[in-house]
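K.L.:
Quick one: structure below, then a few questions.
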Amino acid sequence: MSRRKSKLSSEERSRALSAAKSALGRSAPAKATPSPSFESFSGYKERQMVRQIGKLQNLGDPTFREHDVRAGATSRMDGQEVINFGSYDYVGINADPRPAAAAKAAIDLYGVSASASRLTAGQRPVHTQLEAALAEHYDVEAALTFVSGHATNVSVIATITGKNDLIISDSYIHNSATVGIQLSGASRRSFTHNDLDALETILAETAGKYRATLVVVEGHYSMDGDIPDLQRLVALKKQYGFWLMVDEAHGLGCIGATGKGVREVYDLPGAAVDVWMGTLSKSLGSTGGYVAGSAALIDIMKYEAPGSVYSVALAPNLAAAALKALEILHDEPERVTRLQDNGTFFMKTVQAAGLDTGLSIGSSIVPVIVGHSALAMAASDELLARGFNVLPIVFPGVPMNQARLRFFISSEHTQEQMKTAIDTTVDILTDLKNGPLETLVQDAISEIV
């Protein structure tokens, strides 16, 4: 006898059809939208434009230039001896044999790497010794080192602020601070560079609207070589109750009579600022970053900052080199004096030659603002051909009409080297401004667009 299934009721049939349609919907892939090509990225296209300008002028790429030896006041590049204005060795410590000896001894004792974060794998005595020296340098309770200066800003800012907070930053603040602000989830405002009237307007408008407010500035701005009015910032802090963070990456060793940074300029105690941040890679000739402040702040950083908790610790040899460099900086303040004398000489000589040094105070960073990017690139290329390493800063790193040659001055440059570099720069710029640069720029832009 055959067995036949009974017919489905209309209700059962409806449910079965619905289930079938639903299954079909799940199995049928939606039409894919292709991801954009990397060539469409705005930054890539901007670099292509700059490269095209260079190609039309038969210029080399000014980025990633190779040094054959240690880069100090002089260097050797592609076999050519050059006077070097492209390194951060502001007080000549990278050439001193003492930090190198300390680093080598640390390698023999501890090996090359710290292997893991200090929270999980422990630390070495040189870490705590360096941090104690940094805390003393800033006249604060404690300090903490990180493996990277960029990671320091990112971690610190994103750790102490959140979605219920406000961060107000100078418009010229470094990318590392900007990334930290974005990751924090806090609301963000910025004020025109060094315009503290504009800052105060924002503070008045936002008073009482957030759990906390953080104001972030630099102690010595890396593009322009100027400093903020820290005295007034501290006064505003007392009035409005915000946290103040100062990035001293280019201030340590360069600003203040003995290189203690912008607080030394204004004769302020370290506790006047809530968060001091800096790097070990410039005046101290090592690598890494640090934050200094109250014991509570540093405790939070040790146990909560991603760049400390989830990142390898600073290599012991780099910590040892930085510690010895900081000792040398304190013991030999004449290095800072020579640097500042050189910076003043360089800036005044450039200005006397009729060139624009922008906002620079004349310490370790003196820009020569030339206008459009093509001119800066061409001048840098010709300077290298004549034995001077000077890097161009072009759009989008600076506004379209603010391209510059950025000179990093050190305590080890001689006045003859600086004077020759300035005279050569004047000659090159004069020749280039009389050439067909503008036509080349327009041709390059039209080809890219």
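Ordering of the structure tokens sets the chain letters (A, B, ...), residue numbers begin anew at 1 in every chain, and ligands are numbered from 1 in the order given.
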Which residues are near region 308-322 of chain A? Cut-off 6 Å, only C-alpha atoms, ignore same chain within fewer than 4 positions. Put them as a ChimeraX atom specification.
P.N.:
/A:99,102-103,106-107,113-114,116-118,146-147,284,286
K.L.:
Those same residues, written as a compact mmCIF listing (two decimals), in the first residue's frame with C-alpha atoms?
P.N.:
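Writing done, so here's part25.txt:
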# COMPACT_ATOMS: atom_id res chain seq x y z
CA PRO A 99 76.36 57.40 25.76
CA ALA A 102 76.80 53.11 28.31
CA ALA A 103 74.67 51.49 25.60
CA ALA A 106 73.89 47.66 28.84
CA ILE A 107 73.82 45.26 25.89
CA SER A 113 65.77 43.85 23.98
CA ALA A 114 63.56 44.12 27.07
CA ALA A 116 58.09 42.32 26.64
CA SER A 117 56.21 44.95 28.61
CA ARG A 118 57.50 45.79 32.06
CA PHE A 146 57.84 54.40 26.36
CA VAL A 147 59.40 52.65 23.38
CA LEU A 284 69.49 62.98 24.09
CA SER A 286 68.60 57.89 21.83
K.L.:
Among region 182-352 of chain A, which ones does DSSP place in helix (DSSP H, G or I), written as a PyMOL selection string?
P.N.:
chain A and resi 182-184+196-206+230-240+262-265+270-272+295-304+306-309+316-331+334-352
K.L.:
Using only C-alpha atoms, find each residue of region 391-440 of chain A with at least one atom at most 7 Å away from an atom of region 342-349 of chain A; report its shortest atom-to-atom pair and that distance in Å (one decimal), sort the rows by chain and rising residue number, and return the result as a Markdown table.
P.N.:
| residue | atom | partner | partner_atom | distance |
| --- | --- | --- | --- | --- |
| A:Ile409 | CA | A:Gly343 | CA | 6.2 |
| A:Ser411 | CA | A:Asn342 | CA | 6.7 |
| A:Met418 | CA | A:Phe346 | CA | 6.4 |
K.L.:
Hey, can you spit out that residue selection with N, CA and C atoms as an mmCIF file, in the first residue's frame?
P.N.:
data_model
loop_
_atom_site.group_PDB
_atom_site.id
_atom_site.type_symbol
_atom_site.label_atom_id
_atom_site.label_comp_id
_atom_site.auth_asym_id
_atom_site.auth_seq_id
_atom_site.Cartn_x
_atom_site.Cartn_y
_atom_site.Cartn_z
ATOM 1 N N ILE A 409 69.625 73.461 13.656
ATOM 2 C CA ILE A 409 70.918 73.979 14.093
ATOM 3 C C ILE A 409 71.402 73.157 15.285
ATOM 4 N N SER A 411 74.724 72.633 18.362
ATOM 5 C CA SER A 411 75.819 73.287 19.082
ATOM 6 C C SER A 411 77.150 73.080 18.385
ATOM 7 N N MET A 418 77.605 77.809 8.849
ATOM 8 C CA MET A 418 76.272 78.414 8.759
ATOM 9 C C MET A 418 76.250 79.555 7.758
#
K.L.:
DSSP on the backbone, strand (DSSP E) only: what residues of region 328-424 of chain A does that give? Format it as a VMD selection string.
P.N.:
chain A and resid 365 to 371 388 to 389 391 to 393 403 to 408
K.L.:
Could you build a table of the residues in region 312-410 of chain A lying no more than 12 Å from region 172-180 of chain A, giving for each the nearest pair of atoms and their separation in Å rounded to one decimal place, using only C-alpha atoms, ordered by chain and ascending residue number, as a Markdown table?
P.N.:
| residue | atom | partner | partner_atom | distance |
| --- | --- | --- | --- | --- |
| A:Gly397 | CA | A:Asn175 | CA | 10.5 |
| A:Val398 | CA | A:Tyr172 | CA | 9.7 |
| A:Pro399 | CA | A:Tyr172 | CA | 11.4 |
K.L.:
Name all residues at most 9 Å from region 263-277 of chain A (count only C-alpha atoms; drop same-chain ones fewer than 5 positions away) and give them as number ranges by chain.
P.N.:
A: 137-141, 143, 149, 152-153, 156, 219, 229-231, 234, 237, 243-249, 255-258, 289-294, 297
K.L.:
Write out, as a compact mmCIF listing (two decimals), in the first residue's frame, the residues just selected, with N, CA and C atoms.
P.N.:
# COMPACT_ATOMS: atom_id res chain seq x y z
N HIS A 137 64.54 66.29 36.36
CA HIS A 137 64.72 67.31 35.34
C HIS A 137 63.51 68.23 35.26
N TYR A 138 62.31 67.64 35.38
CA TYR A 138 61.08 68.44 35.29
C TYR A 138 60.56 68.90 36.64
N ASP A 139 61.26 68.54 37.71
CA ASP A 139 60.86 68.97 39.06
C ASP A 139 59.46 68.46 39.38
N VAL A 140 59.22 67.18 39.07
CA VAL A 140 57.93 66.55 39.36
C VAL A 140 58.17 65.24 40.09
N GLU A 141 57.07 64.56 40.45
CA GLU A 141 57.18 63.39 41.31
C GLU A 141 57.67 62.13 40.61
N ALA A 143 58.11 59.78 36.52
CA ALA A 143 58.13 59.75 35.06
C ALA A 143 58.03 58.31 34.60
N GLY A 149 58.27 57.84 20.94
CA GLY A 149 57.75 59.16 21.27
C GLY A 149 56.33 59.34 20.74
N THR A 152 53.90 57.59 22.86
CA THR A 152 53.72 58.24 24.15
C THR A 152 52.53 59.19 24.11
N ASN A 153 52.52 60.08 23.14
CA ASN A 153 51.40 61.03 23.03
C ASN A 153 50.08 60.30 22.81
N VAL A 156 49.11 58.45 26.19
CA VAL A 156 48.81 59.33 27.32
C VAL A 156 47.47 60.03 27.12
N GLY A 219 56.11 72.79 23.63
CA GLY A 219 57.03 73.72 24.26
C GLY A 219 57.94 74.41 23.25
N ASP A 229 53.26 81.02 25.19
CA ASP A 229 53.32 81.84 26.40
C ASP A 229 52.87 80.97 27.57
N LEU A 230 53.82 80.24 28.14
CA LEU A 230 53.48 79.30 29.21
C LEU A 230 52.97 80.02 30.45
N GLN A 231 53.48 81.22 30.71
CA GLN A 231 53.02 81.98 31.88
C GLN A 231 51.51 82.22 31.80
N VAL A 234 49.42 78.95 32.18
CA VAL A 234 49.28 78.54 33.59
C VAL A 234 48.25 79.40 34.30
N LYS A 237 44.93 78.17 33.25
CA LYS A 237 44.69 76.89 33.93
C LYS A 237 44.14 77.11 35.34
N TRP A 243 43.37 70.56 32.64
CA TRP A 243 44.69 69.93 32.67
C TRP A 243 45.52 70.53 31.54
N LEU A 244 46.79 70.78 31.82
CA LEU A 244 47.69 71.34 30.80
C LEU A 244 48.76 70.31 30.47
N MET A 245 48.89 70.01 29.17
CA MET A 245 49.91 69.08 28.69
C MET A 245 50.85 69.81 27.74
N VAL A 246 52.15 69.67 27.96
CA VAL A 246 53.16 70.32 27.13
C VAL A 246 54.07 69.26 26.52
N ASP A 247 54.12 69.25 25.19
CA ASP A 247 54.99 68.34 24.44
C ASP A 247 56.35 69.02 24.28
N GLU A 248 57.34 68.47 24.96
CA GLU A 248 58.68 69.06 24.97
C GLU A 248 59.67 68.30 24.08
N ALA A 249 59.17 67.62 23.07
CA ALA A 249 60.05 66.83 22.20
C ALA A 249 61.22 67.65 21.68
N ILE A 255 65.62 74.77 24.77
CA ILE A 255 64.92 75.95 25.28
C ILE A 255 65.24 76.13 26.76
N GLY A 256 65.44 77.38 27.18
CA GLY A 256 65.83 77.66 28.55
C GLY A 256 67.34 77.73 28.67
N ALA A 257 67.81 78.45 29.68
CA ALA A 257 69.25 78.70 29.82
C ALA A 257 70.07 77.43 29.94
N THR A 258 69.52 76.39 30.57
CA THR A 258 70.25 75.13 30.72
C THR A 258 69.54 73.97 30.03
N GLY A 289 60.17 57.62 24.16
CA GLY A 289 59.45 58.77 24.68
C GLY A 289 59.26 58.66 26.17
N TYR A 290 58.72 59.71 26.77
CA TYR A 290 58.49 59.71 28.21
C TYR A 290 57.36 60.65 28.56
N VAL A 291 56.76 60.43 29.71
CA VAL A 291 55.78 61.33 30.30
C VAL A 291 56.20 61.55 31.75
N ALA A 292 56.03 62.79 32.22
CA ALA A 292 56.43 63.13 33.59
C ALA A 292 55.33 63.96 34.24
N GLY A 293 55.13 63.74 35.54
CA GLY A 293 54.10 64.49 36.26
C GLY A 293 53.92 63.95 37.66
N SER A 294 52.71 63.96 38.15
CA SER A 294 52.44 63.51 39.51
C SER A 294 52.57 61.99 39.61
N LEU A 297 49.46 60.31 38.21
CA LEU A 297 49.44 60.24 36.75
C LEU A 297 50.29 59.08 36.25
K.L.:
In Å to one decimal, how far is CA of Ile83 (chain A) from CA of Asp341 (chain A)?
P.N.:
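So the answer is 18.3 Å.
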K.L.:
Which one of A:Glu11, A:Arg70, A:Leu236, A:Thr63 sits closest to Asp89 (chain A) if you count only C-alpha atoms?
P.N.:
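The answer is A:Arg70, which sits nearest to Asp89 (chain A).
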K.L.:
Tell me which protein, DNA and RNA residues are within 10 Å of Lys163 (chain A), counting only C-alpha atoms, leaving out same-chain ones fewer than 6 positions away, and put them as a count of residues only.
P.N.:
7
K.L.:
Mind checking which residues fall within 6 Å of Val215 (chain A), counting only C-alpha atoms, ignoring those fewer than 6 positions away in the same chain, and posting them as a list of chain:residue names?
P.N.:
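After dropping sequence-adjacent residues, the list is A:Ile167, A:Ile168, A:Ser169, A:Leu244.
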K.L.:
Pick out the residues sitting within 12 Å of Arg189 (chain A), and hand them over as a ChimeraX atom specification; count only C-alpha atoms, and ignore anything fewer than 4 positions along from it in its own chain.
P.N.:
/A:165-171,178,181-182,198-203,205-206,213-216
K.L.:
Taking only C-alpha atoms into account, name the residue in A:Ser75, A:His127, A:Thr159, A:Leu383 that is nearest to Thr420 (chain A).
P.N.:
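For Thr420 (chain A), the nearest of the candidates is A:Leu383.
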K.L.:
Report as a ChimeraX atom specification all protein, DNA and RNA residues lying within 7 Å of Cys254 (chain A), evaluated on only C-alpha atoms, omitting residues in the same chain fewer than 6 positions from it.
P.N.:
/A:261,336,363-364
K.L.:
Just to be explicit: take each residue in the selection above, keep C-alpha atoms, and write the result as a PDB file, in the first residue's frame.
P.N.:
ATOM      1  CA  GLY A 261      62.588  73.568  28.370  1.00  0.00           C
ATOM      2  CA  VAL A 336      72.987  74.597  25.326  1.00  0.00           C
ATOM      3  CA  SER A 363      67.214  78.265  18.722  1.00  0.00           C
ATOM      4  CA  SER A 364      67.505  74.800  17.160  1.00  0.00           C
TER       5      SER A 364
END
K.L.:
One decimal, in Å: what's the spacing between CA of His413 (chain A) and CA of Asn389 (chain A)?
P.N.:
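CA of His413 (chain A) sits 13.0 Å away from CA of Asn389 (chain A).
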